[in-house]
file entry.txt (compact mmCIF, N, CA and C atoms)
# COMPACT_ATOMS: atom_id res chain seq x y z
N MET A 1 24.30 -4.64 30.86
CA MET A 1 25.48 -4.57 30.03
C MET A 1 25.97 -5.97 29.68
N GLY A 2 25.56 -6.97 30.47
CA GLY A 2 26.01 -8.32 30.23
C GLY A 2 25.50 -8.87 28.92
N GLY A 3 24.29 -8.49 28.50
CA GLY A 3 23.73 -8.98 27.25
C GLY A 3 24.26 -8.25 26.04
N LEU A 4 24.89 -7.10 26.25
CA LEU A 4 25.39 -6.29 25.16
C LEU A 4 26.77 -6.77 24.69
N ALA A 5 27.57 -7.31 25.60
CA ALA A 5 28.93 -7.73 25.27
C ALA A 5 28.96 -8.82 24.20
N PRO A 6 28.16 -9.88 24.28
CA PRO A 6 28.20 -10.89 23.22
C PRO A 6 27.77 -10.34 21.85
N LEU A 7 26.82 -9.41 21.86
CA LEU A 7 26.38 -8.81 20.61
C LEU A 7 27.51 -8.01 19.96
N ILE A 8 28.21 -7.23 20.76
CA ILE A 8 29.32 -6.43 20.24
C ILE A 8 30.43 -7.35 19.74
N ALA A 9 30.71 -8.43 20.48
CA ALA A 9 31.75 -9.36 20.07
C ALA A 9 31.40 -10.02 18.74
N SER A 10 30.14 -10.36 18.54
CA SER A 10 29.76 -10.99 17.27
C SER A 10 29.83 -10.00 16.11
N LEU A 11 29.49 -8.74 16.38
CA LEU A 11 29.59 -7.73 15.32
C LEU A 11 31.04 -7.46 14.94
N VAL A 12 31.93 -7.46 15.93
CA VAL A 12 33.34 -7.21 15.65
C VAL A 12 33.95 -8.38 14.89
N SER A 13 33.53 -9.59 15.22
CA SER A 13 34.12 -10.77 14.58
C SER A 13 33.58 -11.00 13.17
N MET A 14 32.52 -10.32 12.79
CA MET A 14 31.95 -10.50 11.45
C MET A 14 32.94 -10.01 10.40
N ASP A 15 33.09 -10.79 9.37
CA ASP A 15 34.03 -10.43 8.31
C ASP A 15 33.33 -9.50 7.32
N MET A 16 33.57 -8.23 7.47
CA MET A 16 32.92 -7.23 6.64
C MET A 16 33.44 -7.27 5.20
N ARG A 17 34.70 -7.68 5.04
CA ARG A 17 35.28 -7.70 3.70
C ARG A 17 34.54 -8.69 2.80
N SER A 18 34.20 -9.85 3.33
CA SER A 18 33.49 -10.83 2.50
C SER A 18 32.07 -10.35 2.18
N THR A 19 31.45 -9.64 3.11
CA THR A 19 30.12 -9.11 2.87
C THR A 19 30.14 -8.06 1.75
N VAL A 20 31.13 -7.17 1.78
CA VAL A 20 31.26 -6.15 0.75
C VAL A 20 31.56 -6.80 -0.60
N HIS A 21 32.43 -7.81 -0.60
CA HIS A 21 32.78 -8.50 -1.84
C HIS A 21 31.55 -9.18 -2.44
N ARG A 22 30.76 -9.85 -1.60
CA ARG A 22 29.55 -10.53 -2.07
C ARG A 22 28.54 -9.52 -2.61
N LEU A 23 28.42 -8.38 -1.94
CA LEU A 23 27.49 -7.36 -2.39
C LEU A 23 27.89 -6.79 -3.75
N ARG A 24 29.18 -6.53 -3.93
CA ARG A 24 29.66 -6.02 -5.22
C ARG A 24 29.44 -7.05 -6.33
N ARG A 25 29.78 -8.30 -6.05
CA ARG A 25 29.62 -9.36 -7.04
C ARG A 25 28.15 -9.49 -7.46
N ASN A 26 27.25 -9.50 -6.47
CA ASN A 26 25.83 -9.63 -6.78
C ASN A 26 25.32 -8.44 -7.57
N THR A 27 25.79 -7.25 -7.24
CA THR A 27 25.37 -6.05 -7.96
C THR A 27 25.77 -6.13 -9.42
N VAL A 28 27.00 -6.54 -9.71
CA VAL A 28 27.46 -6.64 -11.09
C VAL A 28 26.68 -7.72 -11.83
N LEU A 29 26.47 -8.86 -11.20
CA LEU A 29 25.74 -9.95 -11.87
C LEU A 29 24.29 -9.59 -12.12
N TYR A 30 23.65 -8.91 -11.17
CA TYR A 30 22.27 -8.48 -11.39
C TYR A 30 22.18 -7.43 -12.48
N ALA A 31 23.18 -6.56 -12.58
CA ALA A 31 23.18 -5.55 -13.63
C ALA A 31 23.31 -6.22 -15.00
N ILE A 32 24.16 -7.24 -15.11
CA ILE A 32 24.30 -7.96 -16.37
C ILE A 32 23.00 -8.68 -16.72
N ALA A 33 22.39 -9.33 -15.73
CA ALA A 33 21.12 -10.02 -15.97
C ALA A 33 20.04 -9.03 -16.39
N ALA A 34 19.99 -7.86 -15.76
CA ALA A 34 18.99 -6.85 -16.12
C ALA A 34 19.20 -6.37 -17.56
N LEU A 35 20.45 -6.26 -17.99
CA LEU A 35 20.74 -5.86 -19.36
C LEU A 35 20.17 -6.87 -20.35
N PHE A 36 20.36 -8.15 -20.06
CA PHE A 36 19.83 -9.18 -20.96
C PHE A 36 18.31 -9.26 -20.91
N VAL A 37 17.73 -9.02 -19.75
CA VAL A 37 16.26 -9.00 -19.66
C VAL A 37 15.70 -7.85 -20.50
N LEU A 38 16.32 -6.68 -20.41
CA LEU A 38 15.87 -5.55 -21.22
C LEU A 38 16.06 -5.81 -22.71
N THR A 39 17.14 -6.49 -23.08
CA THR A 39 17.36 -6.84 -24.48
C THR A 39 16.27 -7.79 -24.97
N ALA A 40 15.95 -8.79 -24.14
CA ALA A 40 14.90 -9.73 -24.51
C ALA A 40 13.54 -9.03 -24.60
N TYR A 41 13.28 -8.10 -23.71
CA TYR A 41 12.03 -7.35 -23.76
C TYR A 41 11.94 -6.54 -25.05
N GLY A 42 13.02 -5.84 -25.39
CA GLY A 42 13.03 -5.05 -26.62
C GLY A 42 12.83 -5.91 -27.85
N ALA A 43 13.49 -7.07 -27.87
CA ALA A 43 13.33 -7.98 -29.01
C ALA A 43 11.89 -8.51 -29.08
N GLY A 44 11.30 -8.80 -27.92
CA GLY A 44 9.92 -9.27 -27.90
C GLY A 44 8.94 -8.23 -28.40
N VAL A 45 9.14 -7.00 -27.99
CA VAL A 45 8.26 -5.92 -28.46
C VAL A 45 8.43 -5.71 -29.96
N ALA A 46 9.68 -5.77 -30.44
CA ALA A 46 9.92 -5.61 -31.87
C ALA A 46 9.28 -6.76 -32.66
N ALA A 47 9.41 -7.97 -32.14
CA ALA A 47 8.81 -9.13 -32.82
C ALA A 47 7.28 -9.00 -32.86
N PHE A 48 6.70 -8.53 -31.77
CA PHE A 48 5.25 -8.34 -31.73
C PHE A 48 4.83 -7.28 -32.74
N ALA A 49 5.61 -6.20 -32.83
CA ALA A 49 5.29 -5.13 -33.78
C ALA A 49 5.41 -5.64 -35.22
N VAL A 50 6.43 -6.44 -35.51
CA VAL A 50 6.59 -6.99 -36.86
C VAL A 50 5.44 -7.94 -37.18
N TYR A 51 5.05 -8.75 -36.22
CA TYR A 51 3.93 -9.67 -36.42
C TYR A 51 2.64 -8.90 -36.72
N LEU A 52 2.40 -7.84 -35.93
CA LEU A 52 1.21 -7.04 -36.19
C LEU A 52 1.29 -6.34 -37.55
N ALA A 53 2.50 -5.97 -37.96
CA ALA A 53 2.67 -5.27 -39.24
C ALA A 53 2.34 -6.17 -40.42
N THR A 54 2.43 -7.49 -40.21
CA THR A 54 2.06 -8.39 -41.30
C THR A 54 0.54 -8.44 -41.50
N MET A 55 -0.20 -8.08 -40.44
CA MET A 55 -1.67 -8.12 -40.52
C MET A 55 -2.29 -6.77 -40.81
N MET A 56 -1.57 -5.70 -40.56
CA MET A 56 -2.10 -4.34 -40.76
C MET A 56 -0.95 -3.43 -41.15
N SER A 57 -1.21 -2.14 -41.25
CA SER A 57 -0.15 -1.22 -41.62
C SER A 57 0.86 -1.08 -40.48
N ILE A 58 2.04 -0.65 -40.84
CA ILE A 58 3.12 -0.51 -39.85
C ILE A 58 2.75 0.55 -38.81
N VAL A 59 2.15 1.63 -39.24
CA VAL A 59 1.76 2.70 -38.32
C VAL A 59 0.74 2.18 -37.30
N ALA A 60 -0.24 1.44 -37.77
CA ALA A 60 -1.25 0.89 -36.87
C ALA A 60 -0.63 -0.11 -35.90
N ALA A 61 0.28 -0.93 -36.38
CA ALA A 61 0.94 -1.92 -35.51
C ALA A 61 1.75 -1.22 -34.42
N LEU A 62 2.50 -0.20 -34.80
CA LEU A 62 3.29 0.53 -33.80
C LEU A 62 2.39 1.29 -32.84
N GLY A 63 1.25 1.78 -33.32
CA GLY A 63 0.30 2.45 -32.44
C GLY A 63 -0.28 1.49 -31.41
N ILE A 64 -0.59 0.28 -31.83
CA ILE A 64 -1.10 -0.72 -30.88
C ILE A 64 -0.05 -1.07 -29.84
N VAL A 65 1.21 -1.23 -30.28
CA VAL A 65 2.29 -1.53 -29.34
C VAL A 65 2.45 -0.38 -28.35
N ALA A 66 2.39 0.85 -28.83
CA ALA A 66 2.52 2.02 -27.95
C ALA A 66 1.36 2.09 -26.96
N LEU A 67 0.14 1.84 -27.41
CA LEU A 67 -1.01 1.87 -26.52
C LEU A 67 -0.93 0.76 -25.46
N LEU A 68 -0.47 -0.41 -25.83
CA LEU A 68 -0.30 -1.48 -24.85
C LEU A 68 0.75 -1.12 -23.81
N ALA A 69 1.86 -0.52 -24.26
CA ALA A 69 2.89 -0.10 -23.32
C ALA A 69 2.36 0.98 -22.37
N LEU A 70 1.57 1.90 -22.90
CA LEU A 70 0.98 2.95 -22.08
C LEU A 70 0.01 2.35 -21.06
N ALA A 71 -0.78 1.37 -21.47
CA ALA A 71 -1.72 0.73 -20.56
C ALA A 71 -0.99 0.01 -19.43
N VAL A 72 0.11 -0.67 -19.76
CA VAL A 72 0.89 -1.36 -18.72
C VAL A 72 1.50 -0.33 -17.76
N ALA A 73 2.01 0.77 -18.31
CA ALA A 73 2.60 1.80 -17.45
C ALA A 73 1.55 2.40 -16.51
N LEU A 74 0.35 2.67 -17.01
CA LEU A 74 -0.72 3.21 -16.17
C LEU A 74 -1.13 2.21 -15.09
N LEU A 75 -1.14 0.94 -15.44
CA LEU A 75 -1.45 -0.10 -14.45
C LEU A 75 -0.40 -0.12 -13.34
N VAL A 76 0.86 -0.05 -13.72
CA VAL A 76 1.94 -0.05 -12.71
C VAL A 76 1.85 1.20 -11.84
N PHE A 77 1.61 2.36 -12.45
CA PHE A 77 1.49 3.59 -11.66
C PHE A 77 0.32 3.52 -10.69
N SER A 78 -0.80 2.95 -11.12
CA SER A 78 -1.95 2.85 -10.22
C SER A 78 -1.67 1.89 -9.07
N ILE A 79 -0.95 0.81 -9.32
CA ILE A 79 -0.58 -0.11 -8.25
C ILE A 79 0.34 0.57 -7.25
N VAL A 80 1.31 1.33 -7.75
CA VAL A 80 2.22 2.06 -6.86
C VAL A 80 1.44 3.08 -6.03
N LEU A 81 0.50 3.78 -6.63
CA LEU A 81 -0.31 4.76 -5.92
C LEU A 81 -1.12 4.09 -4.81
N LEU A 82 -1.74 2.95 -5.11
CA LEU A 82 -2.51 2.24 -4.09
C LEU A 82 -1.63 1.74 -2.96
N LYS A 83 -0.45 1.24 -3.29
CA LYS A 83 0.48 0.76 -2.25
C LYS A 83 0.96 1.92 -1.37
N ASN A 84 1.24 3.07 -1.99
CA ASN A 84 1.69 4.23 -1.21
C ASN A 84 0.59 4.71 -0.26
N ARG A 85 -0.65 4.70 -0.72
CA ARG A 85 -1.76 5.10 0.15
C ARG A 85 -1.91 4.13 1.32
N ALA A 86 -1.78 2.84 1.05
CA ALA A 86 -1.88 1.85 2.12
C ALA A 86 -0.74 2.01 3.12
N ASP A 87 0.48 2.28 2.63
CA ASP A 87 1.62 2.49 3.53
C ASP A 87 1.42 3.73 4.38
N GLU A 88 0.90 4.80 3.78
CA GLU A 88 0.65 6.04 4.52
C GLU A 88 -0.41 5.82 5.59
N ARG A 89 -1.47 5.09 5.27
CA ARG A 89 -2.51 4.80 6.25
C ARG A 89 -1.94 3.95 7.39
N ARG A 90 -1.13 2.96 7.05
CA ARG A 90 -0.51 2.12 8.07
C ARG A 90 0.43 2.94 8.97
N ARG A 91 1.16 3.88 8.36
CA ARG A 91 2.08 4.73 9.13
C ARG A 91 1.30 5.61 10.10
N ARG A 92 0.17 6.17 9.63
CA ARG A 92 -0.64 7.01 10.52
C ARG A 92 -1.22 6.21 11.67
N GLU A 93 -1.70 4.99 11.39
CA GLU A 93 -2.25 4.15 12.45
C GLU A 93 -1.17 3.77 13.46
N GLN A 94 0.03 3.48 12.97
CA GLN A 94 1.12 3.13 13.87
C GLN A 94 1.53 4.35 14.71
N ALA A 95 1.54 5.53 14.12
CA ALA A 95 1.88 6.73 14.86
C ALA A 95 0.85 7.00 15.95
N ALA A 96 -0.43 6.76 15.64
CA ALA A 96 -1.47 6.95 16.66
C ALA A 96 -1.29 5.96 17.80
N GLY A 97 -0.92 4.73 17.48
CA GLY A 97 -0.66 3.73 18.51
C GLY A 97 0.54 4.11 19.35
N ASN A 98 1.57 4.66 18.71
CA ASN A 98 2.76 5.09 19.44
C ASN A 98 2.43 6.26 20.37
N ARG A 99 1.59 7.18 19.90
CA ARG A 99 1.19 8.30 20.76
C ARG A 99 0.45 7.81 21.99
N ALA A 100 -0.45 6.86 21.80
CA ALA A 100 -1.20 6.31 22.93
C ALA A 100 -0.25 5.62 23.91
N LEU A 101 0.73 4.92 23.40
CA LEU A 101 1.71 4.24 24.26
C LEU A 101 2.55 5.26 25.03
N MET A 102 2.94 6.36 24.37
CA MET A 102 3.73 7.39 25.05
C MET A 102 2.89 8.08 26.13
N ILE A 103 1.63 8.32 25.87
CA ILE A 103 0.76 8.95 26.87
C ILE A 103 0.60 8.02 28.07
N THR A 104 0.41 6.74 27.81
CA THR A 104 0.29 5.76 28.90
C THR A 104 1.55 5.72 29.74
N ALA A 105 2.71 5.74 29.09
CA ALA A 105 3.98 5.72 29.81
C ALA A 105 4.15 6.99 30.64
N ALA A 106 3.75 8.13 30.07
CA ALA A 106 3.88 9.38 30.80
C ALA A 106 2.97 9.40 32.02
N VAL A 107 1.74 8.92 31.86
CA VAL A 107 0.80 8.90 32.98
C VAL A 107 1.30 7.94 34.07
N SER A 108 1.87 6.81 33.67
CA SER A 108 2.36 5.86 34.67
C SER A 108 3.60 6.38 35.38
N ALA A 109 4.39 7.25 34.73
CA ALA A 109 5.58 7.82 35.37
C ALA A 109 5.27 9.06 36.19
N LEU A 110 4.06 9.57 36.11
CA LEU A 110 3.69 10.79 36.81
C LEU A 110 3.87 10.72 38.32
N PRO A 111 3.48 9.65 39.01
CA PRO A 111 3.69 9.62 40.46
C PRO A 111 5.17 9.71 40.85
N ILE A 112 6.03 9.09 40.06
CA ILE A 112 7.47 9.16 40.36
C ILE A 112 7.97 10.59 40.17
N LEU A 113 7.49 11.24 39.14
CA LEU A 113 7.92 12.61 38.87
C LEU A 113 7.44 13.57 39.95
N LEU A 114 6.24 13.34 40.46
CA LEU A 114 5.70 14.24 41.46
C LEU A 114 6.40 14.10 42.81
N LYS A 115 7.00 12.97 43.11
CA LYS A 115 7.72 12.77 44.36
C LYS A 115 9.04 13.54 44.38
N SER A 116 9.64 13.74 43.24
CA SER A 116 10.92 14.43 43.16
C SER A 116 10.69 15.86 42.67
N ARG A 117 11.15 16.84 43.44
CA ARG A 117 10.93 18.25 43.07
C ARG A 117 11.60 18.63 41.75
N PRO A 118 12.88 18.31 41.52
CA PRO A 118 13.49 18.72 40.25
C PRO A 118 12.83 18.04 39.04
N LEU A 119 12.47 16.77 39.18
CA LEU A 119 11.82 16.09 38.07
C LEU A 119 10.42 16.64 37.83
N ALA A 120 9.73 17.01 38.91
CA ALA A 120 8.40 17.59 38.75
C ALA A 120 8.49 18.93 38.02
N ALA A 121 9.48 19.74 38.39
CA ALA A 121 9.65 21.03 37.72
C ALA A 121 9.97 20.82 36.23
N ALA A 122 10.84 19.86 35.94
CA ALA A 122 11.18 19.58 34.54
C ALA A 122 9.96 19.08 33.78
N ALA A 123 9.14 18.26 34.43
CA ALA A 123 7.94 17.74 33.78
C ALA A 123 6.95 18.87 33.50
N VAL A 124 6.79 19.78 34.44
CA VAL A 124 5.87 20.89 34.24
C VAL A 124 6.35 21.78 33.10
N VAL A 125 7.65 22.10 33.08
CA VAL A 125 8.20 22.95 32.03
C VAL A 125 8.05 22.28 30.66
N SER A 126 8.38 20.98 30.58
CA SER A 126 8.26 20.30 29.29
C SER A 126 6.80 20.17 28.87
N GLY A 127 5.91 19.96 29.81
CA GLY A 127 4.49 19.91 29.48
C GLY A 127 3.98 21.24 28.96
N LEU A 128 4.41 22.33 29.59
CA LEU A 128 4.02 23.65 29.10
C LEU A 128 4.59 23.91 27.71
N ALA A 129 5.83 23.49 27.49
CA ALA A 129 6.44 23.67 26.17
C ALA A 129 5.67 22.88 25.12
N LEU A 130 5.24 21.68 25.47
CA LEU A 130 4.45 20.87 24.54
C LEU A 130 3.12 21.55 24.23
N LEU A 131 2.46 22.08 25.25
CA LEU A 131 1.19 22.76 25.02
C LEU A 131 1.37 24.00 24.15
N VAL A 132 2.43 24.75 24.40
CA VAL A 132 2.67 25.96 23.61
C VAL A 132 2.94 25.60 22.15
N THR A 133 3.76 24.55 21.91
CA THR A 133 4.04 24.18 20.52
C THR A 133 2.80 23.64 19.83
N ARG A 134 1.95 22.94 20.56
CA ARG A 134 0.70 22.45 19.96
C ARG A 134 -0.24 23.60 19.67
N PHE A 135 -0.28 24.57 20.60
CA PHE A 135 -1.17 25.71 20.43
C PHE A 135 -0.71 26.60 19.28
N MET A 136 0.61 26.76 19.14
CA MET A 136 1.16 27.61 18.08
C MET A 136 1.18 26.89 16.73
N GLY A 137 1.00 25.57 16.74
CA GLY A 137 0.97 24.84 15.48
C GLY A 137 2.32 24.29 15.07
N ALA A 138 3.35 24.43 15.87
CA ALA A 138 4.67 23.91 15.52
C ALA A 138 4.67 22.41 15.67
N GLY A 139 5.48 21.75 14.86
CA GLY A 139 5.61 20.30 14.94
C GLY A 139 4.49 19.55 14.26
N SER A 140 3.71 20.23 13.43
CA SER A 140 2.61 19.57 12.74
C SER A 140 3.15 18.73 11.60
N ASP A 141 2.59 17.55 11.40
CA ASP A 141 3.00 16.67 10.32
C ASP A 141 2.63 17.26 8.97
N ASN A 142 1.59 18.07 8.92
CA ASN A 142 1.13 18.65 7.65
C ASN A 142 2.08 19.68 7.12
N GLU A 143 2.83 20.37 7.99
CA GLU A 143 3.77 21.38 7.52
C GLU A 143 4.98 20.75 6.86
N ALA A 144 5.38 19.58 7.30
CA ALA A 144 6.57 18.93 6.75
C ALA A 144 6.31 18.41 5.34
N GLU A 145 5.06 18.10 5.02
CA GLU A 145 4.73 17.55 3.73
C GLU A 145 3.86 18.54 2.97
N PRO A 146 4.44 19.19 1.95
CA PRO A 146 3.66 20.20 1.24
C PRO A 146 2.48 19.62 0.48
N GLY A 147 2.53 18.34 0.08
CA GLY A 147 1.43 17.75 -0.69
C GLY A 147 0.32 17.23 0.18
N ALA A 148 0.48 17.23 1.50
CA ALA A 148 -0.52 16.65 2.39
C ALA A 148 -1.69 17.56 2.61
call {"tool": "encode", "arguments": {"input": "entry.txt", "output": "structure tokens"}}
result
Amino acid sequence: MGGLAPLIASLVSMDMRSTVHRLRRNTVLYAIAALFVLTAYGAGVAAFAVYLATMMSIVAALGIVALLALAVALLVFSIVLLKNRADERRRREQAAGNRALMITAAVSALPILLKSRPLAAAAVVSGLALLVTRFMGAGSDNEAEPGA
């Protein structure tokens, strides 16, 4: 408990009002900056379309602009898909590591549990409950995610 008191004291002494004020200010300024970035993007796309229209028909120029925008969107979607797959793989590997750590901790605590009758009974009951839920299929990660 001695190490917890300084942490609580520092959290209490933190000025939350200034943090909230800074967060609001930054949010408004970023929103304004995003508006101008979108305006510049729109103007750039329009300028590119007008430039292309001087070399070919307007319909063809707008078609090229649309195809380029579609290609960029597909590129972004594919990057997001690859990142999501990598995150999911990393999450599964971390979960497997956590399971191994929990099993190791349980095995190392087993002698202590066996020395105490009430703890041994609780361990046996919880172990049986775990086996029953695994056997019945409850608690499966695949059930929580319909797309998995």
call {"tool": "atom_distance", "arguments": {"input": "entry.txt", "atom1": "atom N of Val65 (chain A)", "atom2": "CA of Tyr41 (chain A)"}}
result
14.0 Å
call {"tool": "atom_distance", "arguments": {"input": "entry.txt", "atom1": "atom C of Ser126 (chain A)", "atom2": "CA of Ala106 (chain A)"}}
result
11.3 Å
call {"tool": "atom_distance", "arguments": {"input": "entry.txt", "atom1": "atom C of Ala40 (chain A)", "atom2": "CA of Ala69 (chain A)"}}
result
14.0 Å
call {"tool": "axis_aligned_box", "arguments": {"input": "entry.txt", "around": "region 30-34 of chain A", "padding_each_side": "5 Å", "output": "lines of an AutoDock Vina configuration file"}}
result
center_x = 21.6
center_y = -7.8
center_z = -14.4
size_x = 15.3
size_y = 14.5
size_z = 16.4
call {"tool": "decode", "arguments": {"input": "entry.txt", "residues": "region 33-111 of chain A", "atoms": "C-alpha atoms", "output": "PDB file, in the first residue's frame"}}
result
ATOM      1  CA  ALA A  33      -7.367  22.459 -40.069  1.00  0.00           C
ATOM      2  CA  ALA A  34      -9.170  19.377 -41.441  1.00  0.00           C
ATOM      3  CA  LEU A  35     -11.750  21.644 -43.094  1.00  0.00           C
ATOM      4  CA  PHE A  36      -9.019  23.569 -44.898  1.00  0.00           C
ATOM      5  CA  VAL A  37      -7.219  20.368 -45.895  1.00  0.00           C
ATOM      6  CA  LEU A  38     -10.447  19.032 -47.418  1.00  0.00           C
ATOM      7  CA  THR A  39     -10.986  22.349 -49.218  1.00  0.00           C
ATOM      8  CA  ALA A  40      -7.467  22.195 -50.639  1.00  0.00           C
ATOM      9  CA  TYR A  41      -8.005  18.584 -51.697  1.00  0.00           C
ATOM     10  CA  GLY A  42     -11.252  19.461 -53.471  1.00  0.00           C
ATOM     11  CA  ALA A  43      -9.625  22.390 -55.229  1.00  0.00           C
ATOM     12  CA  GLY A  44      -6.703  20.183 -56.281  1.00  0.00           C
ATOM     13  CA  VAL A  45      -8.987  17.524 -57.719  1.00  0.00           C
ATOM     14  CA  ALA A  46     -11.002  20.186 -59.554  1.00  0.00           C
ATOM     15  CA  ALA A  47      -7.824  21.752 -60.949  1.00  0.00           C
ATOM     16  CA  PHE A  48      -6.606  18.342 -62.113  1.00  0.00           C
ATOM     17  CA  ALA A  49      -9.960  17.670 -63.784  1.00  0.00           C
ATOM     18  CA  VAL A  50      -9.888  21.066 -65.540  1.00  0.00           C
ATOM     19  CA  TYR A  51      -6.317  20.433 -66.694  1.00  0.00           C
ATOM     20  CA  LEU A  52      -7.292  17.048 -68.094  1.00  0.00           C
ATOM     21  CA  ALA A  53     -10.348  18.612 -69.751  1.00  0.00           C
ATOM     22  CA  THR A  54      -8.055  20.862 -71.773  1.00  0.00           C
ATOM     23  CA  MET A  55      -6.419  17.764 -73.283  1.00  0.00           C
ATOM     24  CA  MET A  56      -9.506  15.576 -73.749  1.00  0.00           C
ATOM     25  CA  SER A  57     -13.263  15.682 -73.350  1.00  0.00           C
ATOM     26  CA  ILE A  58     -14.761  16.689 -70.025  1.00  0.00           C
ATOM     27  CA  VAL A  59     -16.415  13.298 -69.572  1.00  0.00           C
ATOM     28  CA  ALA A  60     -13.134  11.464 -70.113  1.00  0.00           C
ATOM     29  CA  ALA A  61     -11.300  13.810 -67.724  1.00  0.00           C
ATOM     30  CA  LEU A  62     -13.887  13.285 -64.982  1.00  0.00           C
ATOM     31  CA  GLY A  63     -13.794   9.537 -65.614  1.00  0.00           C
ATOM     32  CA  ILE A  64     -10.020   9.486 -65.119  1.00  0.00           C
ATOM     33  CA  VAL A  65     -10.353  11.505 -61.902  1.00  0.00           C
ATOM     34  CA  ALA A  66     -13.042   9.091 -60.655  1.00  0.00           C
ATOM     35  CA  LEU A  67     -10.937   6.034 -61.522  1.00  0.00           C
ATOM     36  CA  LEU A  68      -7.909   7.488 -59.730  1.00  0.00           C
ATOM     37  CA  ALA A  69     -10.014   8.205 -56.642  1.00  0.00           C
ATOM     38  CA  LEU A  70     -11.382   4.656 -56.749  1.00  0.00           C
ATOM     39  CA  ALA A  71      -7.862   3.225 -57.050  1.00  0.00           C
ATOM     40  CA  VAL A  72      -6.685   5.230 -54.031  1.00  0.00           C
ATOM     41  CA  ALA A  73      -9.728   4.112 -52.032  1.00  0.00           C
ATOM     42  CA  LEU A  74      -9.075   0.443 -52.900  1.00  0.00           C
ATOM     43  CA  LEU A  75      -5.439   0.858 -51.899  1.00  0.00           C
ATOM     44  CA  VAL A  76      -6.438   2.318 -48.525  1.00  0.00           C
ATOM     45  CA  PHE A  77      -9.008  -0.449 -47.948  1.00  0.00           C
ATOM     46  CA  SER A  78      -6.443  -3.138 -48.745  1.00  0.00           C
ATOM     47  CA  ILE A  79      -3.936  -1.578 -46.329  1.00  0.00           C
ATOM     48  CA  VAL A  80      -6.584  -1.484 -43.592  1.00  0.00           C
ATOM     49  CA  LEU A  81      -7.476  -5.122 -44.296  1.00  0.00           C
ATOM     50  CA  LEU A  82      -3.832  -6.206 -44.058  1.00  0.00           C
ATOM     51  CA  LYS A  83      -3.329  -4.257 -40.817  1.00  0.00           C
ATOM     52  CA  ASN A  84      -6.477  -5.777 -39.294  1.00  0.00           C
ATOM     53  CA  ARG A  85      -5.298  -9.287 -40.173  1.00  0.00           C
ATOM     54  CA  ALA A  86      -1.898  -8.609 -38.614  1.00  0.00           C
ATOM     55  CA  ASP A  87      -3.550  -7.226 -35.452  1.00  0.00           C
ATOM     56  CA  GLU A  88      -5.829 -10.268 -35.217  1.00  0.00           C
ATOM     57  CA  ARG A  89      -2.872 -12.637 -35.624  1.00  0.00           C
ATOM     58  CA  ARG A  90      -0.933 -10.725 -32.967  1.00  0.00           C
ATOM     59  CA  ARG A  91      -3.952 -10.847 -30.616  1.00  0.00           C
ATOM     60  CA  ARG A  92      -4.275 -14.618 -31.069  1.00  0.00           C
ATOM     61  CA  GLU A  93      -0.567 -15.157 -30.395  1.00  0.00           C
ATOM     62  CA  GLN A  94      -0.754 -12.981 -27.290  1.00  0.00           C
ATOM     63  CA  ALA A  95      -3.836 -14.861 -26.060  1.00  0.00           C
ATOM     64  CA  ALA A  96      -2.005 -18.171 -26.531  1.00  0.00           C
ATOM     65  CA  GLY A  97       0.923 -16.811 -24.525  1.00  0.00           C
ATOM     66  CA  ASN A  98      -1.448 -15.630 -21.800  1.00  0.00           C
ATOM     67  CA  ARG A  99      -3.081 -19.065 -21.655  1.00  0.00           C
ATOM     68  CA  ALA A 100       0.307 -20.725 -21.240  1.00  0.00           C
ATOM     69  CA  LEU A 101       1.185 -18.266 -18.467  1.00  0.00           C
ATOM     70  CA  MET A 102      -2.122 -18.933 -16.670  1.00  0.00           C
ATOM     71  CA  ILE A 103      -1.595 -22.706 -16.904  1.00  0.00           C
ATOM     72  CA  THR A 104       1.924 -22.336 -15.500  1.00  0.00           C
ATOM     73  CA  ALA A 105       0.623 -20.209 -12.633  1.00  0.00           C
ATOM     74  CA  ALA A 106      -2.141 -22.711 -11.900  1.00  0.00           C
ATOM     75  CA  VAL A 107       0.275 -25.648 -11.885  1.00  0.00           C
ATOM     76  CA  SER A 108       2.679 -23.791  -9.592  1.00  0.00           C
ATOM     77  CA  ALA A 109      -0.180 -22.946  -7.179  1.00  0.00           C
ATOM     78  CA  LEU A 110      -1.435 -26.539  -7.111  1.00  0.00           C
ATOM     79  CA  PRO A 111       0.660 -27.706  -4.116  1.00  0.00           C
TER      80      PRO A 111
END
